$ cat entry38.txt   # compact mmCIF, C-alpha atoms
# COMPACT_ATOMS: atom_id res chain seq x y z
CA MET A 1 120.84 60.04 -91.53
CA SER A 2 122.96 57.34 -89.94
CA ARG A 3 125.17 58.52 -87.16
CA GLU A 4 127.63 56.39 -85.26
CA PRO A 5 127.75 56.85 -81.50
CA ALA A 6 131.14 57.78 -80.02
CA PRO A 7 133.10 54.49 -80.17
CA ASP A 8 134.52 54.82 -76.66
CA ALA A 9 131.03 55.12 -75.12
CA VAL A 10 129.88 52.01 -76.96
CA GLU A 11 133.05 50.16 -75.92
CA LEU A 12 132.39 51.12 -72.32
CA VAL A 13 128.91 49.61 -72.43
CA GLY A 14 130.48 46.49 -73.96
CA GLU A 15 132.84 46.19 -71.00
CA VAL A 16 129.92 46.67 -68.61
CA ALA A 17 128.04 43.92 -70.48
CA ARG A 18 130.96 41.58 -69.84
CA GLY A 19 130.49 42.19 -66.12
CA ASP A 20 133.46 44.54 -65.65
CA ARG A 21 132.65 46.37 -62.39
CA GLU A 22 135.45 48.87 -62.79
CA ALA A 23 134.07 49.80 -66.22
CA PHE A 24 130.62 50.12 -64.67
CA GLY A 25 132.11 52.61 -62.19
CA ARG A 26 133.44 54.69 -65.08
CA PHE A 27 130.10 54.40 -66.87
CA TYR A 28 128.37 55.70 -63.73
CA ASP A 29 130.83 58.58 -63.30
CA ARG A 30 130.28 59.60 -66.88
CA TYR A 31 126.49 59.63 -66.92
CA ALA A 32 125.33 59.94 -63.28
CA SER A 33 124.88 63.73 -63.39
CA LEU A 34 122.97 63.51 -66.65
CA VAL A 35 120.60 60.85 -65.30
CA PHE A 36 120.25 62.55 -61.92
CA SER A 37 119.40 65.95 -63.40
CA PHE A 38 116.80 64.32 -65.63
CA ALA A 39 115.38 62.36 -62.68
CA LEU A 40 115.12 65.57 -60.65
CA ARG A 41 113.29 67.30 -63.46
CA LEU A 42 110.90 64.39 -63.91
CA LEU A 43 110.07 63.75 -60.28
CA ARG A 44 110.83 67.10 -58.65
CA ALA A 45 111.62 65.39 -55.40
CA ARG A 46 115.19 64.74 -54.35
CA SER A 47 114.74 61.42 -52.56
CA GLU A 48 112.62 59.99 -55.40
CA ALA A 49 115.21 61.15 -57.93
CA GLU A 50 117.96 59.42 -55.94
CA ASP A 51 115.98 56.16 -55.98
CA LEU A 52 115.36 56.49 -59.69
CA LEU A 53 119.06 57.05 -60.37
CA GLN A 54 119.94 53.83 -58.54
CA GLU A 55 117.25 51.85 -60.33
CA VAL A 56 118.30 53.13 -63.74
CA PHE A 57 121.96 52.23 -63.28
CA PHE A 58 121.07 48.89 -61.76
CA GLN A 59 118.94 48.14 -64.81
CA ALA A 60 121.75 49.33 -67.11
CA TRP A 61 124.15 46.96 -65.36
CA ARG A 62 121.79 44.02 -65.83
CA GLN A 63 120.78 44.84 -69.38
CA ALA A 64 124.01 46.17 -70.85
CA ALA A 65 124.21 43.08 -73.09
CA SER A 66 120.94 43.99 -74.75
CA TYR A 67 122.19 47.45 -75.72
CA ASP A 68 122.44 47.71 -79.50
CA PRO A 69 124.62 50.56 -80.84
CA GLY A 70 122.61 50.51 -84.07
CA ARG A 71 119.65 51.80 -82.11
CA GLY A 72 121.28 54.94 -80.76
CA HIS A 73 123.93 56.43 -78.49
CA PRO A 74 124.43 54.84 -75.02
CA GLU A 75 123.43 58.18 -73.56
CA ALA A 76 120.08 58.04 -75.37
CA TRP A 77 119.62 54.44 -74.22
CA LEU A 78 120.19 55.44 -70.60
CA LEU A 79 117.92 58.48 -70.86
CA THR A 80 115.18 56.37 -72.41
CA ILE A 81 115.36 53.95 -69.47
CA THR A 82 115.29 56.92 -67.08
CA ARG A 83 112.25 58.40 -68.71
CA SER A 84 110.25 55.24 -68.89
CA ARG A 85 110.91 54.32 -65.25
CA GLY A 86 110.55 57.96 -64.21
CA ILE A 87 107.16 58.41 -65.85
CA ASP A 88 105.92 55.19 -64.19
CA LYS A 89 107.07 56.55 -60.83
CA LEU A 90 105.53 59.93 -61.56
CA ARG A 91 102.17 58.32 -62.30
CA SER A 92 102.16 56.33 -59.07
CA MET A 93 103.27 59.44 -57.13
CA ARG A 94 100.36 61.32 -58.66
CA LYS A 95 97.92 58.63 -57.67
CA ARG A 96 99.19 58.84 -54.11
CA SER A 97 98.81 62.61 -53.96
CA GLU A 98 95.60 62.91 -55.94
CA ARG A 99 93.75 64.79 -53.27
CA THR A 100 96.58 67.20 -52.50
CA LEU A 101 97.96 69.70 -54.99
CA SER A 102 99.17 67.79 -58.03
CA VAL A 103 102.94 67.50 -58.20
CA GLU A 104 103.39 68.92 -61.64
CA GLU A 105 101.82 72.24 -60.83
CA THR A 106 104.28 73.24 -58.12
CA SER A 107 106.78 74.85 -60.47
CA SER A 108 107.28 75.59 -64.12
CA PRO A 109 110.00 73.81 -66.12
CA SER A 110 112.12 76.91 -66.50
CA GLU A 111 112.09 77.64 -62.79
CA VAL A 112 113.37 74.20 -62.02
CA GLY A 113 116.07 74.64 -64.61
CA VAL A 114 117.30 77.95 -63.26
CA THR A 115 117.24 77.10 -59.58
CA ALA A 116 118.99 73.72 -59.83
CA SER A 117 122.09 74.17 -57.71
CA GLY A 118 125.63 73.17 -58.55
CA ALA A 119 124.92 73.43 -62.23
CA THR A 120 127.87 72.57 -64.42
CA ARG A 121 128.26 73.30 -68.06
CA SER A 122 129.40 70.35 -70.07
CA GLU A 123 130.40 70.86 -73.64
CA ALA A 124 127.64 68.55 -74.86
CA LYS A 125 125.06 70.43 -72.87
CA LEU A 126 126.26 73.75 -74.18
CA THR A 127 125.70 72.78 -77.79
CA VAL A 128 122.39 71.01 -77.13
CA THR A 129 121.12 74.06 -75.26
CA GLY A 130 122.26 76.23 -78.14
CA ALA A 131 120.47 74.04 -80.64
CA LEU A 132 117.25 74.03 -78.60
CA ALA A 133 117.31 77.80 -78.32
CA GLY A 134 115.98 77.88 -81.87
CA LEU A 135 112.78 76.10 -80.85
CA PRO A 136 109.79 78.47 -80.45
CA ASP A 137 108.54 78.58 -76.84
CA ALA A 138 105.04 77.36 -77.68
CA GLN A 139 106.44 74.24 -79.37
CA ARG A 140 108.96 73.62 -76.64
CA ARG A 141 106.27 73.85 -73.97
CA VAL A 142 104.13 71.08 -75.46
CA LEU A 143 107.19 68.86 -75.95
CA GLU A 144 108.24 69.40 -72.36
CA LEU A 145 104.78 68.69 -70.94
CA ALA A 146 104.82 65.38 -72.82
CA TYR A 147 108.42 64.46 -72.15
CA PHE A 148 108.88 65.57 -68.56
CA ASP A 149 105.33 65.34 -67.24
CA GLY A 150 104.13 62.32 -69.21
CA LEU A 151 101.01 64.09 -70.46
CA THR A 152 99.19 63.02 -73.61
CA GLN A 153 98.10 65.46 -76.31
CA SER A 154 94.57 65.90 -74.92
CA GLU A 155 95.88 66.31 -71.38
CA ILE A 156 98.23 69.01 -72.63
CA ALA A 157 95.37 70.72 -74.49
CA ALA A 158 93.30 70.70 -71.30
CA ARG A 159 96.22 71.97 -69.23
CA LEU A 160 97.00 74.84 -71.59
CA GLY A 161 93.36 75.56 -72.42
CA GLU A 162 94.17 75.27 -76.12
CA PRO A 163 92.39 73.34 -78.90
CA LEU A 164 93.69 69.80 -79.40
CA GLY A 165 94.54 70.54 -83.04
CA THR A 166 96.83 73.36 -81.96
CA VAL A 167 98.67 71.14 -79.53
CA LYS A 168 99.03 68.38 -82.14
CA THR A 169 100.47 70.69 -84.73
CA ARG A 170 102.84 72.37 -82.31
CA MET A 171 104.04 69.00 -81.13
CA ARG A 172 104.63 67.65 -84.63
CA THR A 173 106.42 70.77 -85.77
CA GLY A 174 108.51 70.76 -82.60
CA LEU A 175 109.39 67.08 -83.06
CA GLU A 176 110.37 67.69 -86.65
CA ARG A 177 112.70 70.46 -85.53
CA LEU A 178 114.17 68.30 -82.79
CA ARG A 179 114.93 65.58 -85.31
CA GLY A 180 116.58 68.13 -87.54
CA LEU A 181 118.69 69.40 -84.65
CA LEU A 182 119.79 65.88 -83.74
CA GLY A 183 122.06 65.87 -86.78
CA ALA A 184 123.61 69.19 -85.80
CA VAL A 185 124.55 68.12 -82.27
CA SER A 186 125.39 64.45 -82.85
CA GLY A 187 128.68 63.27 -81.46
CA ALA A 188 128.72 66.05 -78.86
CA SER A 189 127.45 63.78 -76.14
CA GLY A 190 129.42 62.01 -73.51
CA SER A 191 132.62 63.94 -74.10
CA MET B 1 95.14 56.87 -93.18
CA SER B 2 97.99 57.81 -95.52
CA HIS B 3 101.40 56.52 -94.62
CA GLU B 4 102.62 60.06 -94.13
CA ALA B 5 100.03 60.36 -91.36
CA TRP B 6 101.28 57.12 -89.77
CA LEU B 7 104.79 58.55 -89.70
CA GLU B 8 103.53 61.65 -87.91
CA GLN B 9 101.70 59.50 -85.38
CA ALA B 10 104.84 57.40 -84.93
CA GLU B 11 106.76 60.49 -83.86
CA VAL B 12 104.18 61.44 -81.26
CA TYR B 13 104.08 57.82 -80.13
CA ALA B 14 107.83 57.94 -79.53
CA LEU B 15 107.28 60.94 -77.28
CA GLY B 16 104.63 58.93 -75.42
CA ALA B 17 102.00 61.60 -75.98
CA LEU B 18 99.33 59.76 -77.98
CA ASP B 19 95.93 59.34 -76.38
CA ASP B 20 94.76 55.76 -75.88
CA ASP B 21 92.77 55.35 -79.12
CA GLU B 22 95.50 56.71 -81.33
CA ARG B 23 98.15 54.79 -79.43
CA ARG B 24 96.32 51.53 -80.08
CA GLN B 25 95.99 52.37 -83.77
CA ILE B 26 99.70 52.99 -84.27
CA GLU B 27 100.59 49.92 -82.22
CA ALA B 28 98.38 47.84 -84.50
CA HIS B 29 100.09 49.40 -87.51
CA LEU B 30 103.48 48.54 -86.01
CA ALA B 31 102.28 45.03 -85.28
CA GLU B 32 101.75 44.65 -89.03
CA GLY B 33 105.52 44.99 -89.26
CA CYS B 34 106.00 48.54 -90.57
CA LEU B 35 109.77 48.97 -90.41
CA VAL B 36 109.65 52.56 -91.67
CA CYS B 37 107.53 53.63 -88.72
CA ALA B 38 109.70 51.57 -86.34
CA GLU B 39 112.76 53.45 -87.58
CA GLN B 40 110.91 56.75 -87.24
CA ILE B 41 110.16 55.87 -83.62
CA ARG B 42 113.76 54.93 -82.96
CA GLU B 43 115.06 58.21 -84.40
CA THR B 44 112.50 60.30 -82.60
CA SER B 45 113.15 58.54 -79.29
CA GLU B 46 116.76 59.55 -79.64
CA ALA B 47 115.92 63.11 -80.71
CA VAL B 48 113.67 63.76 -77.70
CA THR B 49 116.51 62.86 -75.31
CA MET B 50 117.91 66.27 -76.28
CA LEU B 51 115.31 67.81 -74.00
CA ALA B 52 116.93 65.94 -71.10
CA ARG B 53 120.46 66.66 -72.28
CA ALA B 54 119.76 70.40 -72.31
CA LEU B 55 118.90 70.48 -68.58
CA PRO B 56 121.31 72.12 -66.12
CA GLN B 57 123.49 69.32 -64.76
CA GLU B 58 123.59 68.46 -61.11
CA ALA B 59 125.82 65.78 -59.61
CA PRO B 60 124.10 63.20 -57.39
CA PRO B 61 125.24 62.77 -53.76
CA ALA B 62 128.52 60.81 -53.64
CA ALA B 63 127.10 58.20 -51.26
CA LEU B 64 124.80 56.89 -54.00
CA ARG B 65 127.72 55.57 -56.03
CA ALA B 66 128.99 53.44 -53.16
CA ARG B 67 125.48 52.13 -52.48
CA LEU B 68 125.01 51.17 -56.12
CA MET B 69 128.38 49.40 -56.34
CA GLU B 70 127.48 47.48 -53.17
CA ALA B 71 124.15 46.49 -54.70
CA ILE B 72 125.71 45.05 -57.84
CA ASP B 73 128.38 43.25 -55.79
CA ALA B 74 125.69 41.75 -53.58
CA GLU B 75 123.71 40.56 -56.58
CA GLU B 76 126.79 39.06 -58.19
CA ASP B 77 127.71 37.22 -55.00
CA ALA B 78 124.19 35.87 -54.64
CA LEU B 79 124.26 34.49 -58.17
CA GLU B 80 127.69 32.99 -57.73
CA THR B 81 126.60 31.11 -54.62
CA GLU B 82 123.46 29.91 -56.36
CA GLY B 83 125.15 28.30 -59.32
CA GLY B 84 128.55 28.06 -60.94
CA ALA B 85 130.12 31.04 -62.69
CA GLU B 86 129.08 29.36 -65.95
CA ASP B 87 125.43 29.92 -65.15
CA VAL B 88 125.83 33.51 -64.12
CA ILE B 89 125.91 35.20 -67.46
CA PRO B 90 122.72 33.78 -68.99
CA ILE B 91 120.79 34.38 -65.79
CA ARG B 92 122.03 37.84 -65.12
CA ARG B 93 121.62 39.44 -68.51
CA ALA B 94 118.87 39.06 -71.00
CA PRO B 95 120.28 38.10 -74.40
CA ARG B 96 119.59 40.42 -77.31
CA TRP B 97 116.77 38.32 -78.72
CA ALA B 98 114.85 38.73 -75.46
CA TRP B 99 114.60 42.43 -76.12
CA TRP B 100 113.12 41.82 -79.55
CA ALA B 101 110.89 39.07 -78.25
CA GLY B 102 109.56 41.51 -75.66
CA TRP B 103 108.74 44.00 -78.35
CA ALA B 104 107.17 41.41 -80.58
CA THR B 105 104.93 40.23 -77.75
CA ALA B 106 103.91 43.76 -76.87
CA LEU B 107 103.13 44.56 -80.48
CA ALA B 108 101.18 41.37 -81.02
CA ALA B 109 99.14 42.12 -77.91
CA ALA B 110 98.52 45.61 -79.22
CA GLY B 111 97.32 44.11 -82.48
CA LEU B 112 94.71 42.06 -80.62
CA LEU B 113 93.50 45.21 -78.94
CA LEU B 114 92.61 46.78 -82.25
CA VAL B 115 88.88 46.19 -82.40
CA VAL B 116 87.45 49.52 -83.34
CA GLY B 117 88.44 51.42 -86.47
CA PHE B 118 89.11 55.09 -86.74
CA SER B 119 86.58 56.99 -84.71
CA LEU B 120 87.54 60.47 -85.79
CA SER B 121 85.18 61.81 -88.38
CA LYS B 122 86.57 63.55 -91.45
CA THR B 123 85.08 66.86 -90.35
CA GLN B 124 86.74 66.66 -86.98
CA GLU B 125 90.08 65.88 -88.64
CA GLU B 126 89.72 68.79 -91.03
CA LEU B 127 88.80 71.16 -88.21
CA GLU B 128 91.84 70.13 -86.24
CA ARG B 129 94.07 70.50 -89.27
CA LEU B 130 92.83 74.07 -89.74
CA ARG B 131 93.22 74.89 -86.08
CA GLY B 132 96.73 73.55 -86.24
CA ARG B 133 97.52 75.66 -89.25
CA VAL B 134 96.32 78.76 -87.42
CA ALA B 135 98.51 77.85 -84.45
CA ILE B 136 101.58 77.55 -86.65
CA LEU B 137 100.83 80.88 -88.32
CA GLN B 138 100.47 82.44 -84.88
CA ASP B 139 103.81 81.01 -83.80
CA GLU B 140 105.46 82.27 -86.97
CA LEU B 141 103.91 85.69 -86.48
CA THR B 142 105.16 85.85 -82.90
CA GLU B 143 108.63 84.89 -84.07
CA ARG B 144 108.52 87.47 -86.82
CA GLU B 145 107.36 90.19 -84.45
CA ALA B 146 110.21 89.30 -82.11
CA THR B 147 112.66 89.51 -85.02
CA LEU B 148 111.19 92.81 -86.17
CA GLY B 149 111.43 94.20 -82.64
CA PHE B 150 115.03 93.06 -82.55
CA LEU B 151 115.83 94.65 -85.91
CA SER B 152 114.27 98.01 -85.05
CA ASP B 153 116.29 98.36 -81.86
CA PRO B 154 118.67 101.31 -82.43
CA ARG B 155 121.41 99.55 -80.46
CA VAL B 156 121.77 96.81 -83.11
CA ARG B 157 125.14 96.83 -84.90
CA TYR B 158 125.77 95.43 -88.35
CA VAL B 159 128.81 93.18 -88.65
CA SER B 160 129.93 92.02 -92.07
CA LEU B 161 131.85 88.73 -92.25
CA ALA B 162 134.12 88.03 -95.21
CA GLY B 163 135.11 84.65 -96.68
CA LEU B 164 138.60 83.45 -95.77
CA PRO B 165 140.91 81.20 -97.87
CA ALA B 166 139.03 78.07 -96.65
CA SER B 167 135.92 79.34 -98.50
CA PRO B 168 136.69 82.55 -100.38
CA GLY B 169 133.24 82.63 -102.01
CA ALA B 170 131.41 82.76 -98.69
CA SER B 171 130.09 85.82 -96.91
CA GLY B 172 127.86 86.57 -93.98
CA TRP B 173 126.44 89.19 -91.72
CA LEU B 174 125.49 89.45 -88.13
CA LEU B 175 123.04 91.86 -86.56
CA TRP B 176 124.34 92.15 -83.05
CA ASN B 177 122.81 93.94 -80.09
CA PRO B 178 125.70 94.26 -77.64
CA GLU B 179 123.41 95.57 -74.85
CA ILE B 180 121.03 92.62 -74.65
CA ARG B 181 123.61 90.21 -76.18
CA GLN B 182 121.32 88.91 -78.88
CA GLY B 183 122.09 88.41 -82.51
CA LEU B 184 120.76 87.24 -85.84
CA PHE B 185 123.29 85.58 -88.13
CA LEU B 186 123.18 84.87 -91.85
CA ALA B 187 125.79 83.13 -93.97
CA ARG B 188 125.85 82.21 -97.63
CA GLY B 189 128.19 80.41 -100.00
CA LEU B 190 129.60 78.06 -97.35
CA PRO B 191 130.48 74.56 -98.59
CA PRO B 192 128.28 71.83 -97.04
CA ALA B 193 129.88 70.48 -93.86
CA PRO B 194 130.99 66.80 -93.86
CA ALA B 195 128.77 64.48 -91.77
CA ASP B 196 131.10 64.60 -88.77
CA ARG B 197 131.57 68.39 -88.82
CA THR B 198 129.49 71.42 -87.83
CA TYR B 199 129.98 75.10 -88.45
CA GLU B 200 130.38 77.10 -85.26
CA LEU B 201 130.07 80.84 -84.73
CA TRP B 202 132.41 82.58 -82.29
CA GLY B 203 132.26 85.93 -80.57
CA ILE B 204 135.80 87.12 -79.88
CA ALA B 205 136.57 89.42 -76.95
CA GLY B 206 140.16 90.65 -76.84
CA GLY B 207 141.47 87.57 -78.65
CA GLU B 208 139.41 85.18 -76.56
CA PRO B 209 136.79 83.20 -78.55
CA VAL B 210 133.42 82.39 -76.98
CA PRO B 211 131.06 79.79 -78.58
CA ALA B 212 128.03 81.54 -80.10
CA GLY B 213 126.14 78.62 -81.63
CA VAL B 214 126.52 75.73 -84.05
CA PHE B 215 124.68 75.63 -87.36
CA LYS B 216 124.13 73.64 -90.53
CA VAL B 217 123.97 75.10 -94.02
CA ASP B 218 121.32 74.16 -96.56
CA ALA B 219 122.03 72.75 -100.02
CA ALA B 220 122.62 76.29 -101.32
CA GLY B 221 125.25 76.92 -98.62
CA ARG B 222 122.98 79.25 -96.64
CA ALA B 223 122.27 79.45 -92.93
CA LEU B 224 120.14 81.82 -90.89
CA PHE B 225 119.76 81.54 -87.14
CA ARG B 226 119.27 83.46 -83.94
CA LEU B 227 122.16 83.20 -81.54
CA PRO B 228 121.54 81.08 -78.43
CA PRO B 229 121.58 82.95 -75.09
CA LEU B 230 125.17 83.87 -74.26
CA THR B 231 126.39 83.87 -70.66
CA GLU B 232 129.75 85.50 -71.47
CA THR B 233 129.54 89.25 -70.81
CA LYS B 234 132.85 90.54 -72.26
CA PRO B 235 132.39 92.96 -75.16
CA PHE B 236 133.02 91.21 -78.49
CA ASP B 237 135.12 93.01 -81.07
CA THR B 238 135.16 90.29 -83.75
CA PHE B 239 132.97 87.41 -84.94
CA ALA B 240 134.22 84.34 -86.82
CA VAL B 241 133.01 81.00 -88.16
CA THR B 242 135.08 77.80 -88.02
CA LEU B 243 134.42 74.19 -89.02
CA GLU B 244 134.44 71.97 -85.92
CA PRO B 245 133.75 68.36 -84.95
CA ALA B 246 130.01 67.65 -84.93
CA GLY B 247 128.31 69.23 -81.95
CA GLY B 248 130.82 72.04 -81.70
CA THR B 249 133.61 72.70 -79.24
CA LEU B 250 134.43 75.17 -76.47
CA LYS B 251 137.65 76.35 -78.19
CA PRO B 252 138.02 76.69 -81.96
CA SER B 253 140.18 73.95 -83.50
CA GLY B 254 139.21 73.81 -87.18
CA PRO B 255 139.78 76.05 -90.22
CA MET B 256 138.28 79.55 -90.12
CA HIS B 257 135.76 80.21 -92.92
CA LEU B 258 134.39 83.66 -92.11
CA ALA B 259 135.52 86.58 -89.98
CA GLY B 260 134.55 90.21 -89.43
CA LYS B 261 135.14 93.03 -86.96
CA ILE B 262 132.42 95.14 -85.37
$ encode --input "entry38.txt" --output "structure tokens"
Amino acid sequence: MSREPAPDAVELVGEVARGDREAFGRFYDRYASLVFSFALRLLRARSEAEDLLQEVFFQAWRQAASYDPGRGHPEAWLLTITRSRGIDKLRSMRKRSERTLSVEETSSPSEVGVTASGATRSEAKLTVTGALAGLPDAQRRVLELAYFDGLTQSEIAARLGEPLGTVKTRMRTGLERLRGLLGAVSGASGS
Amino acid sequence: MSHEAWLEQAEVYALGALDDDERRQIEAHLAEGCLVCAEQIRETSEAVTMLARALPQEAPPAALRARLMEAIDAEEDALETEGGAEDVIPIRRAPRWAWWAGWATALAAAGLLLVVGFSLSKTQEELERLRGRVAILQDELTEREATLGFLSDPRVRYVSLAGLPASPGASGWLLWNPEIRQGLFLARGLPPAPADRTYELWGIAGGEPVPAGVFKVDAAGRALFRLPPLTETKPFDTFAVTLEPAGGTLKPSGPMHLAGKI
């Protein structure tokens, strides 16, 4: 299953790698909402999400030369940076607020999704959302707890009060489905 | 551990959800240079970004853009004053090998950490496997009950879709509940879509097509899926299937393969 990322997105990263600031501006305009929405979902705090957005794009600017199109779409590259920095931030935020109510329990994923203001519907998002609609809720929940909240399988099991084996199987089945869906929505991103 | 099991662990590793022991085990396996698992991790890392891509989009405050551009200008200026322009590029951006070197170091370190073997007893593994199987059956049952509930709703309409000249041998049907705007779609006899194309289902209201989901067909040309939630509220009078660029579009552009009126 080899899929080529949209050539113009890859070209854009190439221009950024050569230090083209104007290209970097276009790169930001194209992906800022995507990164910001993800940052908001990860950190659930506006000012923290704003910091994360800046850090992610700053890192992208510095590391654009190390981006390898063979390893995935620029969008996936950027989202992977966002997640890894975001989860680090989330963990240190949790440590800071250990004695107060833990951050991740303040709202459920779907609530955050629905109440986010100024939501726009990009074409890519429309098809991805459509593809994910086929994922059973129980599988989606374990994937989201891992992806957005940085929880491990046993932490998820404890959180949901379910046996570890159940969580493992749901996660694997969910991941398998996600990988299957990737083919169906490839090329939709960044348009 | 069988290699199949490593591949499964690699997927969970890519999601970052392995507990410490298991994470160390797969890292040691990767440190042995398993390219198949490395590729599995790469693919899965990309697949999980779909969870982020499906979020409602919100634009960041405009002031952030200016602040970021200032920051990169400031950094650039600092580097230019420090050394000549010649020196800037190697300092500012890590070359590609550095990325690999970073990985290699991390993996080698992980390899050193592997001291203890597999601590899970066979019984424990078997118990978890069985629990997992029960969970999957429960999920399937829940899905089936939902489908059955959907099918027994008296408001469900049956729409038959006929093959058009692009694929005369194809046919399909849609069970459509116009009240709750949910549907179950089945197609058969469709030719496999080229790698850069996807089939897309459309609900048509007074000549205006609305996207109702993209789908792939299996080797036998069959597809069965539940329609994604539709925000459009106009009453559909027709449903159709076209072949579109991968990922689907907002307006149909490709050849029509199936169509049928309610």
$ atom_distance --input "entry38.txt" --atom1 "atom CA of A:Leu42" --atom2 "atom CA of A:Gly86"
6.4 Å
$ closest_residue --input "entry38.txt" --among "B:Gly254, B:Gly207, B:Pro168, B:Gly248" --to "chain A" --atoms "all atoms listed in the file"
B:Gly248
$ interface_residues --input "entry38.txt" --of "chain B" --to "chain A" --cutoff "7 Å" --atoms "all atoms listed in the file" --output "PyMOL selection string"
chain B and resi 8+15-19+42+44+46-50+52-60+68+92-96+99+128-129+131-132+135-136+198+213-216+226+228+246-250
$ build_atoms --input "entry38.txt" --residues "stretch 244-258 of chain B" --atoms "N, CA, C and O atoms" --output "mmCIF file, in the coordinates of the input"
data_model
loop_
_atom_site.group_PDB
_atom_site.id
_atom_site.type_symbol
_atom_site.label_atom_id
_atom_site.label_comp_id
_atom_site.auth_asym_id
_atom_site.auth_seq_id
_atom_site.Cartn_x
_atom_site.Cartn_y
_atom_site.Cartn_z
ATOM 1 N N GLU B 244 134.042 72.727 -87.112
ATOM 2 C CA GLU B 244 134.440 71.970 -85.920
ATOM 3 C C GLU B 244 133.861 70.569 -85.940
ATOM 4 O O GLU B 244 132.919 70.287 -86.683
ATOM 5 N N PRO B 245 134.379 69.691 -85.063
ATOM 6 C CA PRO B 245 133.750 68.360 -84.950
ATOM 7 C C PRO B 245 132.272 68.510 -84.622
ATOM 8 O O PRO B 245 131.893 69.471 -83.946
ATOM 9 N N ALA B 246 131.456 67.568 -85.105
ATOM 10 C CA ALA B 246 130.010 67.650 -84.930
ATOM 11 C C ALA B 246 129.649 67.950 -83.484
ATOM 12 O O ALA B 246 130.231 67.378 -82.572
ATOM 13 N N GLY B 247 128.723 68.870 -83.298
ATOM 14 C CA GLY B 247 128.310 69.230 -81.950
ATOM 15 C C GLY B 247 129.006 70.466 -81.448
ATOM 16 O O GLY B 247 128.554 71.097 -80.506
ATOM 17 N N GLY B 248 130.128 70.821 -82.108
ATOM 18 C CA GLY B 248 130.820 72.040 -81.700
ATOM 19 C C GLY B 248 131.774 71.799 -80.550
ATOM 20 O O GLY B 248 131.795 70.733 -79.943
ATOM 21 N N THR B 249 132.596 72.800 -80.289
ATOM 22 C CA THR B 249 133.610 72.700 -79.240
ATOM 23 C C THR B 249 133.577 73.968 -78.397
ATOM 24 O O THR B 249 132.858 74.913 -78.714
ATOM 25 N N LEU B 250 134.346 73.980 -77.320
ATOM 26 C CA LEU B 250 134.430 75.170 -76.470
ATOM 27 C C LEU B 250 135.533 76.105 -76.957
ATOM 28 O O LEU B 250 135.508 77.301 -76.688
ATOM 29 N N LYS B 251 136.557 75.540 -77.626
ATOM 30 C CA LYS B 251 137.650 76.350 -78.190
ATOM 31 C C LYS B 251 137.757 76.002 -79.667
ATOM 32 O O LYS B 251 137.702 74.819 -80.026
ATOM 33 N N PRO B 252 137.932 77.006 -80.528
ATOM 34 C CA PRO B 252 138.020 76.690 -81.960
ATOM 35 C C PRO B 252 139.236 75.817 -82.269
ATOM 36 O O PRO B 252 140.313 76.033 -81.704
ATOM 37 N N SER B 253 139.059 74.819 -83.139
ATOM 38 C CA SER B 253 140.180 73.950 -83.500
ATOM 39 C C SER B 253 140.293 73.787 -85.017
ATOM 40 O O SER B 253 141.325 73.405 -85.514
ATOM 41 N N GLY B 254 139.221 74.068 -85.735
ATOM 42 C CA GLY B 254 139.210 73.810 -87.180
ATOM 43 C C GLY B 254 139.511 75.061 -88.000
ATOM 44 O O GLY B 254 139.753 76.137 -87.438
ATOM 45 N N PRO B 255 139.496 74.913 -89.333
ATOM 46 C CA PRO B 255 139.780 76.050 -90.220
ATOM 47 C C PRO B 255 138.730 77.157 -90.093
ATOM 48 O O PRO B 255 137.546 76.880 -89.886
ATOM 49 N N MET B 256 139.184 78.409 -90.209
ATOM 50 C CA MET B 256 138.280 79.550 -90.120
ATOM 51 C C MET B 256 137.709 79.861 -91.512
ATOM 52 O O MET B 256 138.460 79.913 -92.485
ATOM 53 N N HIS B 257 136.394 79.972 -91.623
ATOM 54 C CA HIS B 257 135.760 80.210 -92.920
ATOM 55 C C HIS B 257 135.287 81.642 -93.112
ATOM 56 O O HIS B 257 135.239 82.145 -94.223
ATOM 57 N N LEU B 258 134.891 82.290 -92.011
ATOM 58 C CA LEU B 258 134.390 83.660 -92.110
ATOM 59 C C LEU B 258 134.918 84.452 -90.927
ATOM 60 O O LEU B 258 135.087 83.896 -89.845
#
